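*Asks:* What follows is the file start-v9.txt, containing compact mmCIF, C-alpha atoms:
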# COMPACT_ATOMS: atom_id res chain seq x y z
CA MET A 25 83.57 -75.30 -79.83
CA ALA A 26 86.25 -73.75 -77.73
CA ARG A 27 84.89 -71.05 -75.44
CA ARG A 28 87.06 -68.11 -74.63
CA VAL A 29 86.63 -65.98 -71.59
CA PRO A 30 86.32 -62.45 -72.82
CA GLU A 31 86.38 -60.65 -69.46
CA VAL A 32 86.75 -61.29 -65.73
CA ASN A 33 84.35 -64.02 -64.76
CA ALA A 34 81.52 -62.38 -62.84
CA SER A 35 79.44 -65.46 -62.25
CA SER A 36 80.80 -65.96 -58.73
CA THR A 37 79.51 -62.55 -57.68
CA ALA A 38 76.03 -63.99 -58.00
CA ASP A 39 76.99 -66.82 -55.69
CA ILE A 40 78.37 -64.45 -53.10
CA ALA A 41 75.28 -62.29 -53.31
CA PHE A 42 73.05 -65.36 -53.03
CA LEU A 43 74.94 -66.42 -49.95
CA LEU A 44 74.36 -63.06 -48.33
CA LEU A 45 70.73 -63.08 -49.42
CA ILE A 46 70.13 -66.48 -47.89
CA PHE A 47 71.87 -65.40 -44.70
CA PHE A 48 69.52 -62.43 -44.35
CA LEU A 49 66.51 -64.52 -45.30
CA VAL A 50 67.27 -66.96 -42.54
CA THR A 51 68.40 -64.65 -39.77
CA THR A 52 65.76 -61.96 -40.04
CA THR A 53 62.18 -62.40 -39.08
CA MET A 54 59.42 -60.53 -40.84
CA ASN A 55 57.38 -60.51 -37.69
CA VAL A 56 54.48 -58.14 -37.77
CA ASP A 57 53.53 -57.47 -34.21
CA THR A 58 49.86 -57.90 -33.62
CA GLY A 59 47.80 -57.66 -30.51
CA LEU A 60 44.81 -56.21 -28.71
CA ALA A 61 45.28 -52.49 -28.19
CA ARG A 62 43.85 -51.10 -24.96
CA MET A 63 44.08 -47.91 -22.94
CA LEU A 64 44.71 -48.12 -19.22
CA PRO A 65 42.79 -45.75 -16.96
CA PRO A 66 45.00 -43.04 -15.46
CA MET A 67 45.98 -43.30 -11.81
CA PRO A 68 43.69 -41.27 -9.52
CA GLU A 69 45.33 -38.17 -8.04
CA LYS A 70 46.57 -38.65 -4.51
CA ASN A 71 44.68 -35.83 -2.83
CA GLN A 72 41.61 -36.34 -4.93
CA LYS A 73 38.96 -38.44 -3.32
CA GLN A 74 37.70 -41.03 -5.68
CA ALA A 75 34.21 -39.99 -6.59
CA ASP A 76 31.92 -42.93 -6.91
CA VAL A 77 30.32 -42.81 -10.27
CA GLU A 78 26.75 -43.88 -9.95
CA VAL A 79 25.92 -46.42 -12.56
CA LYS A 80 22.55 -48.07 -12.55
CA LYS A 81 22.61 -51.80 -12.06
CA ARG A 82 20.94 -52.46 -15.40
CA ASN A 83 23.74 -50.62 -17.17
CA ILE A 84 26.47 -52.87 -15.86
CA PHE A 85 27.41 -56.11 -17.55
CA PRO A 86 29.65 -57.83 -15.03
CA VAL A 87 31.98 -60.50 -16.33
CA LEU A 88 33.85 -62.39 -13.66
CA ILE A 89 36.60 -64.93 -14.25
CA ASN A 90 37.63 -67.06 -11.32
CA MET A 91 40.88 -68.81 -10.58
CA ASN A 92 39.72 -71.93 -12.38
CA ASP A 93 39.05 -69.96 -15.57
CA LYS A 94 35.28 -70.25 -15.16
CA LEU A 95 33.11 -67.39 -16.33
CA LEU A 96 30.27 -65.76 -14.46
CA VAL A 97 28.28 -63.33 -16.60
CA ARG A 98 25.49 -61.34 -14.95
CA GLY A 99 25.35 -63.90 -12.18
CA GLU A 100 25.15 -66.91 -14.45
CA PRO A 101 27.92 -69.31 -15.38
CA MET A 102 28.59 -69.18 -19.08
CA ASP A 103 30.88 -70.55 -21.74
CA ALA A 104 33.17 -68.03 -23.45
CA MET A 105 31.61 -69.01 -26.78
CA PHE A 106 28.34 -67.26 -25.97
CA LEU A 107 29.86 -64.16 -24.43
CA ARG A 108 30.03 -62.21 -27.68
CA GLU A 109 26.33 -62.55 -28.51
CA LYS A 110 25.31 -61.77 -24.94
CA ALA A 111 27.46 -58.65 -24.87
CA LYS A 112 26.08 -57.46 -28.19
CA GLU A 113 22.52 -58.01 -27.03
CA PHE A 114 23.27 -56.10 -23.85
CA ILE A 115 24.76 -53.11 -25.67
CA VAL A 116 22.19 -52.80 -28.44
CA ASN A 117 19.10 -53.78 -26.44
CA PRO A 118 16.84 -53.84 -29.50
CA ASN A 119 13.59 -54.47 -27.65
CA ASN A 120 14.15 -52.02 -24.80
CA ASP A 121 14.34 -54.79 -22.27
CA PRO A 122 14.39 -53.19 -18.79
CA ASN A 123 17.10 -55.67 -17.73
CA LEU A 124 19.53 -54.65 -20.46
CA SER A 125 21.41 -51.38 -20.94
CA GLU A 126 19.67 -48.01 -21.16
CA GLN A 127 19.77 -46.08 -24.40
CA ASP A 128 20.30 -42.38 -24.73
CA GLU A 129 19.24 -40.62 -27.90
CA LYS A 130 22.02 -38.36 -29.11
CA ASP A 131 22.59 -36.22 -32.15
CA ILE A 132 25.80 -37.32 -33.85
CA PRO A 133 27.28 -35.56 -36.90
CA LEU A 134 27.10 -37.63 -40.11
CA ILE A 135 24.72 -40.10 -38.49
CA GLY A 136 21.94 -38.05 -36.97
CA LYS A 137 19.88 -39.30 -34.09
CA TYR A 138 21.23 -42.51 -32.67
CA ARG A 139 20.44 -44.48 -29.54
CA VAL A 140 23.76 -44.57 -27.73
CA SER A 141 24.04 -47.29 -25.14
CA LYS A 142 24.89 -46.36 -21.58
CA GLY A 143 26.07 -49.88 -20.87
CA VAL A 144 29.43 -50.59 -19.30
CA ILE A 145 31.10 -53.97 -19.42
CA SER A 146 32.86 -54.59 -16.16
CA LEU A 147 35.58 -57.21 -16.30
CA GLN A 148 36.96 -58.64 -13.13
CA ASN A 149 39.44 -61.44 -12.84
CA ASP A 150 41.20 -63.29 -10.10
CA ARG A 151 44.95 -63.17 -9.63
CA GLY A 152 44.97 -66.87 -10.37
CA THR A 153 43.17 -66.57 -13.70
CA SER A 154 45.28 -67.73 -16.62
CA TYR A 155 46.39 -65.13 -19.14
CA ASN A 156 45.06 -67.30 -21.93
CA MET A 157 41.52 -67.18 -20.55
CA TYR A 158 41.78 -63.47 -19.86
CA MET A 159 42.80 -62.82 -23.46
CA GLU A 160 40.00 -65.02 -24.76
CA VAL A 161 37.44 -63.00 -22.80
CA GLN A 162 39.02 -59.68 -23.78
CA ASN A 163 38.98 -60.80 -27.38
CA GLU A 164 35.30 -61.74 -27.25
CA LEU A 165 34.38 -58.39 -25.71
CA VAL A 166 36.42 -56.40 -28.22
CA ALA A 167 34.92 -58.55 -30.97
CA ALA A 168 31.41 -57.70 -29.78
CA TYR A 169 32.13 -53.99 -30.09
CA ASP A 170 33.94 -54.44 -33.40
CA GLU A 171 31.04 -56.36 -34.90
CA LEU A 172 28.54 -53.73 -33.80
CA ARG A 173 30.68 -50.98 -35.27
CA ASN A 174 31.10 -52.88 -38.51
CA ASN A 175 27.37 -53.47 -38.79
CA LEU A 176 26.62 -49.79 -38.26
CA SER A 177 29.32 -48.71 -40.73
CA ARG A 178 27.99 -51.09 -43.35
CA SER A 179 24.40 -49.93 -42.98
CA LEU A 180 25.33 -46.23 -43.00
CA PHE A 181 28.28 -45.98 -45.36
CA GLY A 182 28.34 -49.36 -47.05
CA LYS A 183 31.90 -50.07 -45.92
CA PRO A 184 33.46 -51.89 -42.96
CA PHE A 185 34.68 -49.74 -40.09
CA ASP A 186 38.38 -49.78 -40.92
CA LYS A 187 37.73 -48.61 -44.51
CA LEU A 188 35.88 -45.46 -43.37
CA THR A 189 37.38 -41.97 -43.39
CA GLN A 190 38.57 -40.49 -40.11
CA ASP A 191 35.43 -38.36 -39.65
CA GLU A 192 33.15 -41.30 -40.29
CA GLN A 193 35.15 -43.46 -37.91
CA ASP A 194 34.85 -40.83 -35.21
CA ALA A 195 31.09 -40.65 -35.72
CA VAL A 196 30.69 -44.41 -35.48
CA SER A 197 32.95 -44.51 -32.43
CA LYS A 198 30.74 -41.93 -30.80
CA ALA A 199 27.63 -43.92 -31.59
CA ILE A 200 29.14 -47.12 -30.19
CA PRO A 201 31.76 -46.22 -27.60
CA VAL A 202 33.90 -49.05 -26.26
CA ARG A 203 33.28 -49.16 -22.54
CA ILE A 204 35.17 -51.98 -20.92
CA SER A 205 36.11 -51.23 -17.35
CA GLU A 206 38.49 -53.42 -15.45
CA ALA A 207 38.06 -53.67 -11.74
CA GLU A 208 40.90 -54.45 -9.37
CA PRO A 209 41.33 -58.19 -9.28
CA LYS A 210 40.35 -60.32 -6.35
CA ASN A 211 42.80 -62.59 -4.69
CA VAL A 212 40.95 -65.76 -3.89
CA GLY A 213 43.45 -68.18 -5.34
CA GLY A 214 46.14 -66.80 -3.05
CA LYS A 215 48.81 -66.77 -5.73
CA MET B 30 90.67 -58.87 -90.21
CA ALA B 31 91.46 -61.30 -87.47
CA LYS B 32 90.21 -58.78 -84.98
CA PHE B 33 86.97 -58.54 -86.88
CA SER B 34 86.28 -62.25 -86.89
CA ARG B 35 86.94 -62.46 -83.14
CA LYS B 36 84.30 -59.88 -82.52
CA GLY B 37 81.82 -61.93 -84.51
CA LYS B 38 82.56 -64.98 -82.39
CA LYS B 39 81.99 -63.03 -79.18
CA GLU B 40 78.43 -62.22 -80.15
CA LEU B 41 77.63 -65.87 -80.53
CA GLN B 42 78.58 -66.67 -76.93
CA ALA B 43 76.12 -67.55 -74.19
CA ILE B 44 73.85 -64.93 -72.63
CA SER B 45 75.76 -62.75 -70.25
CA THR B 46 75.00 -63.41 -66.61
CA ALA B 47 76.64 -60.19 -65.50
CA SER B 48 73.29 -58.66 -64.51
CA LEU B 49 72.40 -61.58 -62.29
CA PRO B 50 74.39 -60.25 -59.31
CA ASP B 51 72.60 -56.93 -59.72
CA ILE B 52 69.22 -58.61 -59.46
CA VAL B 53 70.31 -60.62 -56.46
CA PHE B 54 71.81 -57.55 -54.81
CA MET B 55 68.52 -55.76 -55.34
CA LEU B 56 66.72 -58.57 -53.53
CA LEU B 57 69.40 -58.54 -50.86
CA PHE B 58 68.98 -54.83 -50.20
CA PHE B 59 65.22 -55.23 -50.09
CA PHE B 60 65.51 -57.85 -47.37
CA MET B 61 68.16 -55.91 -45.50
CA VAL B 62 65.98 -52.82 -45.38
CA SER B 63 62.59 -54.39 -44.79
CA THR B 64 63.54 -56.79 -42.01
CA THR B 65 64.65 -55.91 -38.56
CA MET B 66 67.14 -57.92 -36.63
CA ARG B 67 65.91 -59.17 -33.31
CA GLU B 68 67.31 -56.66 -30.88
CA VAL B 69 66.96 -58.53 -27.63
CA THR B 70 67.78 -62.12 -26.92
CA LEU B 71 64.74 -63.67 -25.33
CA MET B 72 65.45 -65.09 -21.92
CA VAL B 73 61.87 -66.02 -21.17
CA ARG B 74 59.58 -68.23 -23.17
CA THR B 75 56.71 -66.19 -24.57
CA ASN B 76 54.17 -68.43 -26.16
CA LEU B 77 51.65 -65.79 -27.14
CA PRO B 78 47.90 -66.40 -26.92
CA PHE B 79 45.68 -66.30 -29.98
CA ALA B 80 43.08 -63.65 -30.74
CA THR B 81 40.89 -62.76 -33.69
CA GLU B 82 40.41 -59.02 -33.19
CA VAL B 83 44.07 -58.10 -33.41
CA THR B 84 45.39 -54.82 -34.72
CA LYS B 85 48.75 -54.36 -36.35
CA LEU B 86 51.40 -52.50 -34.48
CA GLU B 87 52.67 -49.64 -36.61
CA LYS B 88 55.75 -47.52 -36.00
CA LYS B 89 58.06 -49.83 -34.13
CA SER B 90 60.16 -46.93 -32.86
CA LEU B 91 57.32 -45.94 -30.56
CA VAL B 92 57.00 -49.34 -28.96
CA SER B 93 58.77 -50.70 -25.92
CA TYR B 94 58.46 -54.33 -25.01
CA ILE B 95 57.92 -56.11 -21.73
CA TYR B 96 58.37 -59.86 -21.82
CA VAL B 97 56.83 -62.10 -19.21
CA GLY B 98 57.06 -65.86 -19.06
CA PRO B 99 58.89 -68.82 -17.57
CA PRO B 100 62.69 -68.53 -17.98
CA MET B 101 64.36 -70.45 -20.80
CA LEU B 102 65.85 -73.85 -19.98
CA GLN B 103 69.39 -72.62 -19.32
CA TYR B 104 68.19 -70.21 -16.61
CA GLN B 105 65.76 -72.57 -14.95
CA ALA B 106 68.33 -74.10 -12.63
CA LYS B 107 68.92 -70.69 -11.11
CA LEU B 108 65.51 -69.07 -11.35
CA GLY B 109 62.98 -71.86 -11.42
CA THR B 110 59.98 -71.96 -13.72
CA GLU B 111 57.86 -69.20 -12.24
CA PRO B 112 57.11 -66.44 -14.77
CA ARG B 113 59.65 -63.62 -14.71
CA ILE B 114 59.81 -60.18 -16.26
CA GLN B 115 62.40 -59.38 -18.89
CA LEU B 116 63.20 -55.81 -19.86
CA ASN B 117 65.81 -55.26 -22.56
CA ASP B 118 68.41 -57.95 -21.96
CA SER B 119 68.03 -58.92 -18.34
CA PHE B 120 65.61 -60.23 -15.76
CA LYS B 121 64.00 -57.44 -13.80
CA THR B 122 61.49 -57.02 -11.04
CA LEU B 123 58.27 -55.04 -10.91
CA GLY B 124 59.96 -52.02 -9.37
CA ASP B 125 62.23 -51.61 -12.40
CA ILE B 126 59.36 -51.06 -14.80
CA ARG B 127 58.98 -47.40 -13.96
CA ASP B 128 62.66 -46.70 -14.56
CA PHE B 129 62.47 -48.67 -17.77
CA ILE B 130 59.52 -46.63 -19.04
CA SER B 131 61.14 -43.33 -18.16
CA SER B 132 64.38 -44.30 -19.88
CA GLU B 133 62.42 -45.38 -22.94
CA ARG B 134 60.69 -42.01 -22.86
CA ASP B 135 63.97 -40.16 -22.64
CA ALA B 136 65.26 -41.99 -25.67
CA MET B 137 62.37 -40.71 -27.77
CA LYS B 138 61.89 -37.36 -29.43
CA GLU B 139 60.00 -34.85 -27.35
CA ASP B 140 56.95 -34.66 -29.60
CA GLN B 141 56.60 -38.41 -29.81
CA ARG B 142 56.68 -39.15 -26.11
CA PRO B 143 52.91 -39.22 -25.58
CA LEU B 144 52.67 -41.85 -28.31
CA LEU B 145 54.75 -44.38 -26.40
CA THR B 146 53.07 -47.77 -26.58
CA THR B 147 53.96 -50.66 -24.35
CA SER B 148 53.65 -54.08 -25.86
CA LEU B 149 53.14 -56.83 -23.31
CA LYS B 150 54.46 -60.12 -24.60
CA ILE B 151 53.13 -62.52 -22.06
CA ASP B 152 53.18 -66.29 -22.11
CA GLN B 153 49.70 -67.74 -22.29
CA ASN B 154 50.11 -69.88 -19.19
CA THR B 155 51.00 -66.95 -16.95
CA ARG B 156 48.65 -66.19 -14.06
CA MET B 157 46.93 -62.81 -14.09
CA GLY B 158 48.48 -61.71 -10.77
CA ILE B 159 51.79 -60.63 -12.28
CA VAL B 160 50.02 -59.12 -15.30
CA THR B 161 47.85 -56.97 -13.06
CA ASP B 162 50.89 -55.81 -11.11
CA ILE B 163 52.60 -54.80 -14.36
CA LYS B 164 49.50 -52.91 -15.45
CA GLN B 165 49.45 -51.06 -12.14
CA GLU B 166 53.12 -50.13 -12.60
CA LEU B 167 52.38 -48.85 -16.10
CA ARG B 168 49.55 -46.75 -14.75
CA LYS B 169 51.88 -45.30 -12.15
CA ALA B 170 54.39 -44.50 -14.88
CA SER B 171 51.46 -43.05 -16.87
CA ALA B 172 52.28 -45.18 -19.88
CA LEU B 173 48.64 -45.79 -20.62
CA LYS B 174 48.78 -46.84 -24.23
CA MET B 175 49.36 -50.55 -24.29
CA ILE B 176 48.85 -53.59 -26.41
CA TYR B 177 48.48 -57.22 -25.41
CA ALA B 178 50.60 -59.04 -27.96
CA ALA B 179 48.69 -61.90 -29.55
CA ARG B 180 48.87 -64.06 -32.60
CA ARG B 181 46.18 -63.83 -35.23
CA LYS B 182 43.78 -66.73 -35.26
CA GLU B 183 42.00 -67.36 -38.55
Translate the structure described by the file into structure tokens.
*Replies:*
Amino acid sequence: MARRVPEVNASSTADIAFLLLIFFLVTTTMNVDTGLARMLPPMPEKNQKQADVEVKKRNIFPVLINMNDKLLVRGEPMDAMFLREKAKEFIVNPNNDPNLSEQDEKDIPLIGKYRVSKGVISLQNDRGTSYNMYMEVQNELVAAYDELRNNLSRSLFGKPFDKLTQDEQDAVSKAIPVRISEAEPKNVGGK
Amino acid sequence: MAKFSRKGKKELQAISTASLPDIVFMLLFFFMVSTTMREVTLMVRTNLPFATEVTKLEKKSLVSYIYVGPPMLQYQAKLGTEPRIQLNDSFKTLGDIRDFISSERDAMKEDQRPLLTTSLKIDQNTRMGIVTDIKQELRKASALKMIYAARRKE
């Protein structure tokens, strides 16, 4: 059967469009930027004398990383694997252990009375610490807080933290505030 | 009559592919709109660390990037392999960070300036010394909102 072309052949338009499509597919990257969000503390005012904030020793959870990427947590060497559980135990302090953080009963809207931890995690690293190790430790500490928040959200509202409404999120954040303080690094490695 | 029979033949022809370009163009426009071209050419190698507790970075217009890592191969003869800072399209030093932040601020709308987020894209083998210095500079520039860029680990 002889085929006749009834109009201008448009089939090549598809090829041209495909070519463009493939070009954009290859050259562009759909990179979603992800990362650990943190807030830096503001610089102290020049004429303002830095007031030493008294924090009881039991309320501090010191995490030190040395230049060889070794961890020292509350005076004991530790593997990064166990840091999350230790931090959680320190913050919650379920049995009122006098060595772990103090709890302060507060009245929080939507939740009611809740024992808010006074604990502060103090992270100190050396200038020779590798960024990889630093991120691993940061991640574990953030994870500890995230897990606690998720647990509380689930038991109160039956949803994970990021599915809560803004008011509920604020309440949970008040009950479990993220307190990670970063001290000025030491320079032992001399780098 | 002849005209009539020709019309009948036309209907029997293969399915028209005229709408195919439209479909492809639709896809094309989707990709053109949804993807962003890489604005800076990376001059340092940033092999990002992995993390599990990552958050997504929304609103890219509010983010400025600081890249830190060993220079790419073609610059290594000149600059060595020590980690360097890259802002926009050139190698910079610590002192330039404050100017960089203030110029980024100026480029933003007035009401969005407090929302400026700095994304630190740092190679995982970098030592913390340079990272701490950058953080100090950011504090001095009072750009306190920051994010350590990391890849999601499953």
*Asks:* Kindly determine which residues of chain A lie within 8 Å of chain B, considering all atoms listed in the file, and give the answer as a ChimeraX atom specification.
*Replies:* /A:27,30,34-35,37-39,41-42,44-45,48-49,51-54,56-67,149-156,158-160,163,166-167,170,209,215
*Asks:* Please produce an output containing C-alpha atoms for each residue in the selection, written as an mmCIF file, keeping the file's coordinate frame.
*Replies:*
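As a result, out21.cif now contains:
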data_model
loop_
_atom_site.group_PDB
_atom_site.id
_atom_site.type_symbol
_atom_site.label_atom_id
_atom_site.label_comp_id
_atom_site.auth_asym_id
_atom_site.auth_seq_id
_atom_site.Cartn_x
_atom_site.Cartn_y
_atom_site.Cartn_z
ATOM 1 C CA ARG A 27 84.890 -71.050 -75.440
ATOM 2 C CA PRO A 30 86.320 -62.450 -72.820
ATOM 3 C CA ALA A 34 81.520 -62.380 -62.840
ATOM 4 C CA SER A 35 79.440 -65.460 -62.250
ATOM 5 C CA THR A 37 79.510 -62.550 -57.680
ATOM 6 C CA ALA A 38 76.030 -63.990 -58.000
ATOM 7 C CA ASP A 39 76.990 -66.820 -55.690
ATOM 8 C CA ALA A 41 75.280 -62.290 -53.310
ATOM 9 C CA PHE A 42 73.050 -65.360 -53.030
ATOM 10 C CA LEU A 44 74.360 -63.060 -48.330
ATOM 11 C CA LEU A 45 70.730 -63.080 -49.420
ATOM 12 C CA PHE A 48 69.520 -62.430 -44.350
ATOM 13 C CA LEU A 49 66.510 -64.520 -45.300
ATOM 14 C CA THR A 51 68.400 -64.650 -39.770
ATOM 15 C CA THR A 52 65.760 -61.960 -40.040
ATOM 16 C CA THR A 53 62.180 -62.400 -39.080
ATOM 17 C CA MET A 54 59.420 -60.530 -40.840
ATOM 18 C CA VAL A 56 54.480 -58.140 -37.770
ATOM 19 C CA ASP A 57 53.530 -57.470 -34.210
ATOM 20 C CA THR A 58 49.860 -57.900 -33.620
ATOM 21 C CA GLY A 59 47.800 -57.660 -30.510
ATOM 22 C CA LEU A 60 44.810 -56.210 -28.710
ATOM 23 C CA ALA A 61 45.280 -52.490 -28.190
ATOM 24 C CA ARG A 62 43.850 -51.100 -24.960
ATOM 25 C CA MET A 63 44.080 -47.910 -22.940
ATOM 26 C CA LEU A 64 44.710 -48.120 -19.220
ATOM 27 C CA PRO A 65 42.790 -45.750 -16.960
ATOM 28 C CA PRO A 66 45.000 -43.040 -15.460
ATOM 29 C CA MET A 67 45.980 -43.300 -11.810
ATOM 30 C CA ASN A 149 39.440 -61.440 -12.840
ATOM 31 C CA ASP A 150 41.200 -63.290 -10.100
ATOM 32 C CA ARG A 151 44.950 -63.170 -9.630
ATOM 33 C CA GLY A 152 44.970 -66.870 -10.370
ATOM 34 C CA THR A 153 43.170 -66.570 -13.700
ATOM 35 C CA SER A 154 45.280 -67.730 -16.620
ATOM 36 C CA TYR A 155 46.390 -65.130 -19.140
ATOM 37 C CA ASN A 156 45.060 -67.300 -21.930
ATOM 38 C CA TYR A 158 41.780 -63.470 -19.860
ATOM 39 C CA MET A 159 42.800 -62.820 -23.460
ATOM 40 C CA GLU A 160 40.000 -65.020 -24.760
ATOM 41 C CA ASN A 163 38.980 -60.800 -27.380
ATOM 42 C CA VAL A 166 36.420 -56.400 -28.220
ATOM 43 C CA ALA A 167 34.920 -58.550 -30.970
ATOM 44 C CA ASP A 170 33.940 -54.440 -33.400
ATOM 45 C CA PRO A 209 41.330 -58.190 -9.280
ATOM 46 C CA LYS A 215 48.810 -66.770 -5.730
#
*Asks:* I'd like the neighbourhood of Gln127 (chain A) as a ChimeraX atom specification, where a residue qualifies if any of its atoms comes within 9 Å (using all atoms listed in the file), though same-chain residues fewer than 4 positions away should be ignored.
*Replies:* /A:115-117,120,139-143
*Asks:* Rank nothing, just name the residue among A:Asp194, A:Pro122, A:Pro101, A:Ala111 nearest to Ser146 (chain A), using all atoms listed in the file.
*Replies:*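 Among A:Asp194, A:Pro122, A:Pro101, A:Ala111, it is A:Ala111 that comes nearest to Ser146 (chain A).
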*Asks:* Skipping near chain neighbours, those fewer than 2 positions away, what residues fall within 6 Å of Pro100 (chain B) using all atoms listed in the file, listed as a ChimeraX atom specification?
*Replies:* /B:72-73,104-105
*Asks:* What would the file look like if the residues just selected were written as a tab-separated table (two decimals), in the frame of the given file with C-alpha atoms?
*Replies:*
chain	number	residue	atom	x	y	z
B	72	MET	CA	65.45	-65.09	-21.92
B	73	VAL	CA	61.87	-66.02	-21.17
B	104	TYR	CA	68.19	-70.21	-16.61
B	105	GLN	CA	65.76	-72.57	-14.95
*Asks:* If we count only C-alpha atoms, what is near region 107-121 of chain B at a cut-off of 7 Å, once residues fewer than 4 positions away on the same chain are taken out, given as a ChimeraX atom specification?
*Replies:* /B:69-70,95-100,125,155
*Asks:* Excluding same-chain residues fewer than 4 positions from Glu192 (chain A), what lies within 8 Å of it counting only C-alpha atoms, as an MDAnalysis selection string?
*Replies:* chainID A and resid 134 188 196
*Asks:* Find, counting all atoms listed in the file, the residue in A:Ser177, A:Gln190, A:Asn119, A:Gln162 that gets nearest to Ile204 (chain A).
*Replies:*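 Nearest candidate to Ile204 (chain A) out of A:Ser177, A:Gln190, A:Asn119, A:Gln162: A:Gln162.
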*Asks:* I'd like to know which of A:Arg173, A:Arg82, A:Asp191, A:Ala104 is closest to Asp121 (chain A), using all atoms listed in the file.
*Replies:*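 When distances to Asp121 (chain A) are compared using all atoms listed in the file, the smallest one comes from A:Arg82.
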*Asks:* CA of Glu129 (chain A) to CA of Phe181 (chain A): how many Å, to one decimal?
*Replies:*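 Pair CA of Glu129 (chain A) / CA of Phe181 (chain A) returns 20.4 Å.
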*Asks:* In Å, with one decimal, what is the gap from CA of Asp140 (chain B) to CA of Lys88 (chain B)?
*Replies:*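 Between these atoms lies a distance of 14.4 Å.
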*Asks:* Report, in Å to a single decimal, how far apart CA of Pro201 (chain A) and CA of Leu176 (chain A) are.
*Replies:* 12.4 Å
*Asks:* Could you tell me which of B:Tyr94, B:Ile44, B:Leu102, B:Leu71 comes closest to Phe129 (chain B) if we count only C-alpha atoms?
*Replies:* B:Tyr94
*Asks:* Go through A:Val79, A:Lys94, A:Leu172, A:Gly182 and flag the residue nearest Glu113 (chain A), using all atoms listed in the file for the distances.
*Replies:*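 The shortest atom-to-atom distance to Glu113 (chain A) comes from A:Leu172.
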